[in-house]
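This report concerns only the one structure given below.
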2 protein chains.
Amino acid sequence: MQTETVIVQTLGAAGTGYVSGAAICRNLGMSRMAVWKHIDHLRALGYEIEAAPRRGYRLLTRPDRPLPTEIEPLLVTSRFGRELVYQDRVDSTNRLASALAETGATEGLTVVADAQDAGRGRLDRKWHSPPGTNLYLSVVLRPAVAPQAVPSLALATGLAVLRAIGVLCPHLHVGLKWPNDLWLDGRKLGGILCEMRSELDRVHHAIVGIGINVNALAAEWPADLAATAISLRQALGKPVSRPLLLAEILRRFEEVYDSWQRDGLKPLLPELETFSILNGRPVRVHDLAGDLTGTAVGLTPTGALLLEQPDGSRREVIAGDVRIRPA
Amino acid sequence: MQTETVIVQTLGAAGTGYVSGAAICRNLGMSRMAVWKHIDHLRALGYEIEAAPRRGYRLLTRPDRPLPTEIEPLLVTSRFGRELVYQDRVDSTNRLASALAETGATEGLTVVADAQDAGRGRLDRKWHSPPGTNLYLSVVLRPAVAPQAVPSLALATGLAVLRAIGVLCPHLHVGLKWPNDLWLDGRKLGGILCEMRSELDRVHHAIVGIGINVNALAAEWPADLAATAISLRQALGKPVSRPLLLAEILRRFEEVYDSWQRDGLKPLLPELETFSILNGRPVRVHDLAGDLTGTAVGLTPTGALLLEQPDGSRREVIAGDVRIRPA
């Protein structure tokens with residue numbers, strides 16, 4: 001663990017009690033001055049730490065932000081999130097992760113931000129990313145698969161996020177709206193943005209971005225989103241810890257990713273189908289080729305949506321915008 | 001046309017005669033000093049230009065390099081090569097084109113270099129790129145197709161290059177070795193490197209790199225390539241103009257690209273099949289999944305190689321390394 005994570009852990013373990021500066025110095029093998037500098041930096045990050053003469057340091061409050069010092073102790077992954085880049089504000093976590101991947105970042109490097117100035121969804125659509133409430137993260141991946149296999153990763157990621165939310169909020173019925181949205185009570189809870197750089201038969205890197213509305217309150221949504229967006233907090237009536245959720249997402253994502261890279265989407269399909277909110281519904285799909293209507297009847301092992309058309313024929317849709325048609 | 005291209009054209013049209021400085025000034029609407037600066041720059045590029053008092057300027061020799069001043073007058077395209085970035089040396093034309101695409105370069109922008117310090121082929125394999133002899137170029141593309149369709153662009157590009165070579169060197173039998181090599185007399189004449197940045201249902205950009213051994217001589221190849229590489233000059237016994245070949249490639253590439261973007265690979269397949277050196281041959285294919293043997297029997301509309309296996313079943317191979325097996 002990073003030094004500052006150890007300091008926070010040590011102070012946290014003492015509860016309302018003090019930890020002497022000497023004990024911290026001994027524990028970390030550093031000078032009082034070095035410890036003081038770290039305490040100072042932790043305060044800048046938002047930790048309220050009291051320093052009392054002859055008694056030592058005491059942790060009063062922790063910041064409500066997805067900081068590495070909060071996330072690191074919760075990680076049970078082997079690679080995902082083990083390198084963690086945190087930013088208070090960033091243009092877009094996908095853009096920063098992509099730039100880091102270009103300069104050699106290893107698989108699993110994760111970018112987390114408290115706010116995004118230019119948060120994006122699929123097709124460059126704006127993703128509302130205010131500070132202090134939600135979760136915005138991107139993971140650098142280097143899958144040894146053909147580029148053609150990567151689009152199905154968005155669905156696998158959605159499944160991982162649903163598993164994680166299921167652990168922390170077991171009573172919520174969050175669904176997956178193909179191809180890349182998380183859906184709750186008929187509104188958008190989150191989304192996945194999967195980008196890649198590839199050549200003919202090799203993926204240089206894939207960047208998977210995840211945005212989840214965690215603790216935004218109804219009143220905080222801009223007017224145009226109030227009726228279509230929802231957060232976990234709105235549904236639960238109480239806030240959810242972002243570091244806990246993030247650590248759980250990274251755990252489930254690593255587990256699902258390893259399975260996906262080895263065996264593809266197929267073994268994940270039965271579980272994905274149970275989450276799919278489109279199954280059995282009449283839909284209209286808009287894609288590059290135009291509009292299609294039909295009934296969504298399932299997903300294919302390549303991640304396509306299986307559409308039964310009015311004439312009874314079936315068609316695979318690779319990607320597009322889907323609307324559920326009124327019955 | 002760019003000012004310096006006009007100057008070169010004007011001097012070139014006068015043959016061994018002089019063109020007065022006054023005429024150039026009038027023609028271009030600029031001062032004598034400004035014309036002089038351009039002449040000076042042209043000399044730095046390798047043009048030998050004589051300046052004689054009271055007679056004017058005379059073009060003695062042109063540099064043997066694929067300079068914009070040589071290429072521009074030959075272009076008949078509407079977009080490809082209309083923005084032309086030339087470098088004497090570059091690490092890799094694909095890398096520079098990719099960086100320009102990230103910062104907003106429009107479709108058709110072409111990077112040309114006289115030499116590459118880190119020329120690459122598929123899977124990061126080194127591409128021998130000495131100065132003064134061969135052609136290295138990359139074109140920025142922004143196709144409105146699904147990412148899954150892009151791999152077939154490498155084959156379409158190969159076809160365009162074959163058409164161009166067919167115009168300049170009609171008696172050579174250059175073939176296409178799936179998926180991305182140009183082949184002549186059993187040796188490698190050139191290659192295509194197609195890279196892209198994409199998300200689920202959108203291509204941000206594709207970069208198509210083309211490397212062709214044009215005028216390298218047998219003695220110029222490093223020992224490990226002498227038996228496996230060949231240039232047009234080696235086969236023809238005389239050099240080929242790089243600007244002419246480049247302009248013809250851009251013309252054929254724009255024509256094939258527009259067809260490919262509109263109708264896919266299918267209308268191009270019959271012509272591609274006639275160039276395919278693998279057709280009907282026993283081959284061994286090595287890809288991510290392992291080794292396959294069989295007989296190459298054709299190409300599919302998605303650009304896959306159709307392999308007839310020993311048990312008679314047919315299999316589509318998306319990408320891989322192919323070796324022709326001794327019969």
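By order in the structure tokens, chains are A, B, ...; within a chain, residues start at 1; ligands start at 1, following the order shown.
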Least-squares superpose chain B on chain A across all ordered C-alpha pairs, then write out what you get as a short mmCIF file (atom, residue, chain, number, x, y, z; two decimals) with C-alpha atoms, in the first residue's frame.
```cif
data_model
loop_
_atom_site.label_atom_id
_atom_site.label_comp_id
_atom_site.auth_asym_id
_atom_site.auth_seq_id
_atom_site.Cartn_x
_atom_site.Cartn_y
_atom_site.Cartn_z
CA MET B 1 0.01 0.02 0.05
CA GLN B 2 1.05 3.62 -0.49
CA THR B 3 2.45 5.42 2.56
CA GLU B 4 -0.51 7.77 2.91
CA THR B 5 -2.94 4.87 2.70
CA VAL B 6 -1.07 3.24 5.60
CA ILE B 7 -1.27 6.45 7.63
CA VAL B 8 -5.01 6.76 7.03
CA GLN B 9 -5.48 3.08 7.89
CA THR B 10 -3.47 3.44 11.11
CA LEU B 11 -5.39 6.52 12.22
CA GLY B 12 -8.68 4.95 11.16
CA ALA B 13 -7.97 1.78 13.19
CA ALA B 14 -7.53 3.92 16.33
CA GLY B 15 -11.10 5.20 15.98
CA THR B 16 -11.57 8.29 18.15
CA GLY B 17 -8.21 7.67 19.84
CA TYR B 18 -4.84 9.28 19.18
CA VAL B 19 -1.85 7.63 17.51
CA SER B 20 1.52 8.96 18.54
CA GLY B 21 3.74 10.48 15.89
CA ALA B 22 6.56 8.23 17.16
CA ALA B 23 4.50 5.11 16.48
CA ILE B 24 3.75 6.21 12.90
CA CYS B 25 7.43 7.02 12.33
CA ARG B 26 8.50 3.61 13.64
CA ASN B 27 5.81 1.81 11.67
CA LEU B 28 6.78 3.48 8.39
CA GLY B 29 10.50 3.85 9.04
CA MET B 30 10.48 7.57 8.35
CA SER B 31 11.32 10.84 10.09
CA ARG B 32 8.82 12.99 11.99
CA MET B 33 9.23 15.65 9.31
CA ALA B 34 8.35 13.20 6.54
CA VAL B 35 5.25 12.01 8.42
CA TRP B 36 4.24 15.61 9.00
CA LYS B 37 4.43 16.33 5.27
CA HIS B 38 2.17 13.37 4.50
CA ILE B 39 -0.32 14.48 7.17
CA ASP B 40 -0.27 17.91 5.59
CA HIS B 41 -0.99 16.43 2.16
CA LEU B 42 -3.78 14.27 3.54
CA ARG B 43 -5.38 17.39 5.00
CA ALA B 44 -5.18 19.01 1.57
CA LEU B 45 -7.03 15.97 0.18
CA GLY B 46 -9.84 16.62 2.67
CA TYR B 47 -8.92 14.51 5.72
CA GLU B 48 -9.53 16.36 8.96
CA ILE B 49 -6.64 15.33 11.21
CA GLU B 50 -6.08 16.78 14.67
CA ALA B 51 -2.53 17.07 15.98
CA ALA B 52 -2.29 17.32 19.79
CA PRO B 53 0.99 17.92 21.67
CA ARG B 54 2.26 14.77 23.42
CA ARG B 55 -0.81 12.75 22.34
CA GLY B 56 -0.29 12.54 18.59
CA TYR B 57 -2.64 12.51 15.64
CA ARG B 58 -6.34 11.79 15.49
CA LEU B 59 -8.57 11.32 12.43
CA LEU B 60 -11.76 13.40 12.78
CA THR B 61 -13.40 13.03 9.34
CA ARG B 62 -12.61 11.43 6.01
CA PRO B 63 -13.38 13.14 2.70
CA ASP B 64 -16.31 11.79 0.70
CA ARG B 65 -14.30 11.30 -2.48
CA PRO B 66 -13.11 8.20 -4.35
CA LEU B 67 -9.49 8.77 -3.32
CA PRO B 68 -6.79 6.10 -3.69
CA THR B 69 -6.24 6.27 0.08
CA GLU B 70 -9.86 5.15 0.55
CA ILE B 71 -9.96 2.63 -2.31
CA GLU B 72 -6.61 0.89 -1.90
CA PRO B 73 -7.42 -0.90 1.39
CA LEU B 74 -10.62 -2.26 -0.18
CA LEU B 75 -9.04 -3.76 -3.32
CA VAL B 76 -8.99 -7.54 -3.71
CA THR B 77 -7.98 -7.54 -7.39
CA SER B 78 -4.67 -8.71 -8.78
CA ARG B 79 -4.36 -6.09 -11.57
CA PHE B 80 -7.40 -3.85 -11.88
CA GLY B 81 -6.98 -0.61 -9.96
CA ARG B 82 -3.55 -1.60 -8.62
CA GLU B 83 -2.30 1.45 -10.46
CA LEU B 84 -4.78 4.16 -9.63
CA VAL B 85 -4.73 7.67 -11.08
CA TYR B 86 -7.08 10.03 -9.25
CA GLN B 87 -8.05 13.52 -10.40
CA ASP B 88 -10.45 15.98 -8.76
CA ARG B 89 -11.40 17.16 -12.25
CA VAL B 90 -10.50 15.80 -15.65
CA ASP B 91 -11.86 16.47 -19.14
CA SER B 92 -12.79 12.80 -19.50
CA THR B 93 -11.40 9.75 -17.72
CA ASN B 94 -11.44 7.82 -21.03
CA ARG B 95 -9.33 10.49 -22.70
CA LEU B 96 -6.76 10.50 -19.90
CA ALA B 97 -6.66 6.68 -19.77
CA SER B 98 -6.23 6.58 -23.54
CA ALA B 99 -3.31 9.03 -23.38
CA LEU B 100 -1.70 6.93 -20.62
CA ALA B 101 -2.23 3.76 -22.70
CA GLU B 102 -0.48 5.39 -25.67
CA THR B 103 2.56 5.97 -23.49
CA GLY B 104 2.71 2.38 -22.25
CA ALA B 105 0.34 2.04 -19.28
CA THR B 106 -0.11 -1.60 -18.27
CA GLU B 107 -3.38 -3.47 -18.17
CA GLY B 108 -5.53 -2.65 -15.18
CA LEU B 109 -4.42 0.96 -14.74
CA THR B 110 -7.52 2.81 -13.60
CA VAL B 111 -8.33 6.50 -13.87
CA VAL B 112 -10.89 7.84 -11.38
CA ALA B 113 -12.18 11.39 -11.22
CA ASP B 114 -14.51 13.22 -8.86
CA ALA B 115 -15.80 15.32 -11.78
CA GLN B 116 -15.48 15.41 -15.57
CA ASP B 117 -15.54 18.65 -17.56
CA ALA B 118 -16.22 16.87 -20.84
CA GLY B 119 -17.70 13.53 -19.80
CA ARG B 120 -18.82 11.59 -22.86
CA GLY B 121 -21.11 8.71 -23.64
CA ARG B 122 -21.42 6.72 -26.85
CA LEU B 123 -21.15 8.73 -30.07
CA ASP B 124 -19.69 11.74 -28.24
CA ARG B 125 -22.92 12.38 -26.35
CA LYS B 126 -22.46 14.50 -23.26
CA TRP B 127 -22.39 12.66 -19.92
CA HIS B 128 -23.41 14.92 -17.05
CA SER B 129 -20.52 14.62 -14.57
CA PRO B 130 -20.85 16.97 -11.57
CA PRO B 131 -18.39 16.72 -8.64
CA GLY B 132 -18.98 15.18 -5.26
CA THR B 133 -21.66 12.64 -6.08
CA ASN B 134 -21.08 10.09 -8.84
CA LEU B 135 -18.51 7.63 -10.10
CA TYR B 136 -16.43 8.13 -13.24
CA LEU B 137 -13.69 5.65 -14.00
CA SER B 138 -11.78 4.19 -16.94
CA VAL B 139 -9.66 1.05 -17.09
CA VAL B 140 -6.81 0.40 -19.55
CA LEU B 141 -7.02 -3.09 -21.08
CA ARG B 142 -4.81 -4.97 -23.49
CA PRO B 143 -6.87 -8.02 -24.45
CA ALA B 144 -5.23 -10.70 -26.60
CA VAL B 145 -8.29 -11.04 -28.82
CA ALA B 146 -9.18 -10.04 -32.38
CA PRO B 147 -10.50 -6.47 -32.72
CA GLN B 148 -13.84 -7.91 -33.92
CA ALA B 149 -14.36 -9.44 -30.46
CA VAL B 150 -14.00 -6.19 -28.50
CA PRO B 151 -17.52 -4.74 -28.94
CA SER B 152 -18.88 -7.56 -26.76
CA LEU B 153 -16.68 -6.26 -23.94
CA ALA B 154 -19.16 -3.43 -23.32
CA LEU B 155 -21.83 -6.01 -22.41
CA ALA B 156 -19.41 -8.01 -20.25
CA THR B 157 -18.52 -4.79 -18.41
CA GLY B 158 -22.19 -3.99 -17.89
CA LEU B 159 -22.62 -7.41 -16.32
CA ALA B 160 -19.68 -6.79 -13.97
CA VAL B 161 -21.16 -3.48 -12.81
CA LEU B 162 -24.55 -5.11 -12.25
CA ARG B 163 -22.90 -7.79 -10.12
CA ALA B 164 -21.14 -5.12 -8.07
CA ILE B 165 -24.31 -3.09 -7.54
CA GLY B 166 -26.06 -6.33 -6.61
CA VAL B 167 -23.57 -6.84 -3.76
CA LEU B 168 -23.94 -3.33 -2.32
CA CYS B 169 -27.62 -2.73 -3.10
CA PRO B 170 -29.17 -6.21 -3.20
CA HIS B 171 -32.76 -4.99 -3.25
CA LEU B 172 -32.52 -2.79 -6.33
CA HIS B 173 -33.51 -4.19 -9.69
CA VAL B 174 -30.98 -2.65 -12.02
CA GLY B 175 -31.19 -3.77 -15.64
CA LEU B 176 -29.08 -3.60 -18.77
CA LYS B 177 -30.33 -1.73 -21.80
CA TRP B 178 -28.39 -3.04 -24.79
CA PRO B 179 -25.83 -2.08 -25.86
CA ASN B 180 -24.29 0.00 -23.08
CA ASP B 181 -26.73 1.49 -20.58
CA LEU B 182 -27.64 0.64 -16.99
CA TRP B 183 -31.28 1.19 -16.30
CA LEU B 184 -33.29 1.57 -13.09
CA ASP B 185 -37.01 2.30 -12.72
CA GLY B 186 -37.22 3.25 -16.41
CA ARG B 187 -34.41 5.77 -16.11
CA LYS B 188 -30.71 5.88 -16.88
CA LEU B 189 -28.46 4.91 -13.96
CA GLY B 190 -25.18 4.60 -15.82
CA GLY B 191 -23.35 3.79 -19.01
CA ILE B 192 -20.31 2.07 -20.46
CA LEU B 193 -18.03 3.62 -23.08
CA CYS B 194 -15.69 1.15 -24.74
CA GLU B 195 -13.08 2.54 -27.12
CA MET B 196 -10.09 0.85 -28.72
CA ARG B 197 -7.06 1.33 -30.92
CA SER B 198 -6.43 -1.63 -33.16
CA GLU B 199 -4.96 -2.94 -36.37
CA LEU B 200 -6.05 -5.84 -38.60
CA ASP B 201 -5.47 -8.64 -36.09
CA ARG B 202 -4.36 -6.96 -32.91
CA VAL B 203 -5.83 -4.70 -30.26
CA HIS B 204 -3.27 -2.12 -29.16
CA HIS B 205 -5.45 -1.22 -26.21
CA ALA B 206 -9.07 -0.92 -25.18
CA ILE B 207 -10.32 1.71 -22.75
CA VAL B 208 -13.48 0.89 -20.84
CA GLY B 209 -15.15 3.86 -19.22
CA ILE B 210 -17.86 3.45 -16.59
CA GLY B 211 -20.11 6.25 -15.38
CA ILE B 212 -22.64 5.61 -12.60
CA ASN B 213 -25.05 7.99 -10.94
CA VAL B 214 -24.36 7.13 -7.31
CA ASN B 215 -25.37 9.91 -4.93
CA ALA B 216 -26.86 12.67 -7.08
CA LEU B 217 -30.14 13.96 -5.64
CA ALA B 218 -33.27 14.57 -7.71
CA ALA B 219 -32.88 18.33 -7.30
CA GLU B 220 -29.32 18.23 -8.59
CA TRP B 221 -30.19 17.06 -12.11
CA PRO B 222 -30.38 19.67 -14.83
CA ALA B 223 -33.95 20.15 -16.10
CA ASP B 224 -33.44 18.10 -19.28
CA LEU B 225 -32.22 15.06 -17.31
CA ALA B 226 -34.54 15.14 -14.28
CA ALA B 227 -37.10 12.84 -15.91
CA THR B 228 -34.66 10.44 -17.56
CA ALA B 229 -31.78 10.04 -15.06
CA ILE B 230 -31.69 8.41 -11.64
CA SER B 231 -29.06 7.68 -8.98
CA LEU B 232 -28.66 4.78 -6.58
CA ARG B 233 -29.31 7.20 -3.72
CA GLN B 234 -32.61 8.34 -5.21
CA ALA B 235 -33.76 4.72 -5.41
CA LEU B 236 -32.40 3.67 -1.99
CA GLY B 237 -33.18 6.80 -0.04
CA LYS B 238 -29.64 6.84 1.35
CA PRO B 239 -26.14 7.43 -0.02
CA VAL B 240 -23.78 4.70 -1.20
CA SER B 241 -20.04 4.76 -0.48
CA ARG B 242 -18.23 5.50 -3.72
CA PRO B 243 -14.94 3.84 -2.64
CA LEU B 244 -16.81 0.65 -1.67
CA LEU B 245 -18.72 0.59 -4.94
CA LEU B 246 -15.59 1.30 -6.96
CA ALA B 247 -13.60 -1.48 -5.26
CA GLU B 248 -16.48 -3.92 -5.82
CA ILE B 249 -16.76 -2.90 -9.49
CA LEU B 250 -13.03 -3.43 -10.04
CA ARG B 251 -13.27 -6.85 -8.39
CA ARG B 252 -16.24 -7.98 -10.52
CA PHE B 253 -14.82 -6.41 -13.65
CA GLU B 254 -11.49 -8.23 -13.32
CA GLU B 255 -13.35 -11.50 -12.75
CA VAL B 256 -15.68 -11.00 -15.75
CA TYR B 257 -12.88 -9.68 -17.99
CA ASP B 258 -10.68 -12.72 -17.40
CA SER B 259 -13.59 -15.01 -18.24
CA TRP B 260 -14.50 -12.93 -21.32
CA GLN B 261 -10.93 -12.90 -22.62
CA ARG B 262 -10.64 -16.67 -22.18
CA ASP B 263 -14.08 -17.86 -23.29
CA GLY B 264 -15.83 -14.91 -24.89
CA LEU B 265 -19.31 -13.70 -24.10
CA LYS B 266 -21.04 -17.09 -24.41
CA PRO B 267 -20.74 -18.34 -20.79
CA LEU B 268 -21.98 -14.92 -19.61
CA LEU B 269 -25.06 -14.86 -21.86
CA PRO B 270 -27.57 -16.58 -19.54
CA GLU B 271 -26.86 -14.09 -16.75
CA LEU B 272 -26.83 -11.17 -19.23
CA GLU B 273 -30.22 -12.24 -20.57
CA THR B 274 -31.76 -12.12 -17.08
CA PHE B 275 -30.65 -8.48 -16.79
CA SER B 276 -31.66 -7.41 -20.29
CA ILE B 277 -34.63 -5.04 -20.07
CA LEU B 278 -35.31 -5.34 -23.80
CA ASN B 279 -36.03 -9.07 -23.90
CA GLY B 280 -39.48 -9.77 -25.28
CA ARG B 281 -40.22 -6.07 -25.82
CA PRO B 282 -41.25 -4.40 -29.08
CA VAL B 283 -38.42 -2.05 -30.06
CA ARG B 284 -37.26 0.36 -32.70
CA VAL B 285 -33.53 0.34 -33.47
CA HIS B 286 -31.76 3.23 -35.15
CA ASP B 287 -28.29 2.57 -36.51
CA LEU B 288 -25.94 3.62 -39.32
CA ALA B 289 -28.10 1.72 -41.82
CA GLY B 290 -31.40 3.31 -40.77
CA ASP B 291 -34.41 2.21 -38.70
CA LEU B 292 -35.60 -1.28 -37.84
CA THR B 293 -38.57 -2.43 -35.83
CA GLY B 294 -39.28 -5.79 -34.27
CA THR B 295 -39.20 -7.64 -30.99
CA ALA B 296 -35.96 -8.05 -29.04
CA VAL B 297 -35.61 -11.78 -28.46
CA GLY B 298 -32.10 -12.14 -27.08
CA LEU B 299 -28.37 -11.51 -27.39
CA THR B 300 -25.84 -13.41 -29.52
CA PRO B 301 -22.39 -14.65 -28.46
CA THR B 302 -20.86 -11.73 -30.40
CA GLY B 303 -22.92 -9.26 -28.35
CA ALA B 304 -25.42 -8.42 -31.08
CA LEU B 305 -29.10 -7.84 -30.34
CA LEU B 306 -31.34 -10.48 -31.88
CA LEU B 307 -34.39 -8.84 -33.42
CA GLU B 308 -37.45 -10.73 -34.61
CA GLN B 309 -38.92 -8.73 -37.44
CA PRO B 310 -42.63 -8.39 -38.25
CA ASP B 311 -42.29 -11.04 -41.01
CA GLY B 312 -40.90 -13.53 -38.46
CA SER B 313 -37.32 -13.43 -39.76
CA ARG B 314 -34.50 -12.82 -37.28
CA ARG B 315 -31.82 -10.25 -37.66
CA GLU B 316 -28.64 -9.46 -35.68
CA VAL B 317 -28.09 -5.82 -34.86
CA ILE B 318 -24.46 -4.97 -34.06
CA ALA B 319 -25.02 -1.57 -32.45
CA GLY B 320 -27.51 1.23 -32.42
CA ASP B 321 -30.00 3.26 -30.40
CA VAL B 322 -32.94 1.29 -29.10
CA ARG B 323 -36.33 2.60 -28.03
CA ILE B 324 -39.00 0.43 -26.49
CA ARG B 325 -42.21 0.95 -28.48
CA PRO B 326 -45.50 1.34 -26.66
CA ALA B 327 -47.33 -2.00 -26.91
#
```
Problem - Every residue of range 126-262 of chain B that DSSP places in strand (DSSP E), as JSON, numbers by chain - result: {"B": [135, 136, 137, 138, 139, 140, 141, 175, 176, 177, 181, 182, 183, 184, 187, 188, 189, 190, 191, 192, 193, 194, 195, 196, 197, 198, 199, 202, 203, 204, 205, 206, 207, 208, 209, 210, 211, 212]}
Practice task
Name the residues of range 10-165 of chain B that come out as helix (DSSP H, G or I) in a backbone DSSP run; write them as number ranges by chain.
Solution key: B: 10-13, 21-28, 32-45, 68-74, 93-102, 122-124, 147-149, 152-165
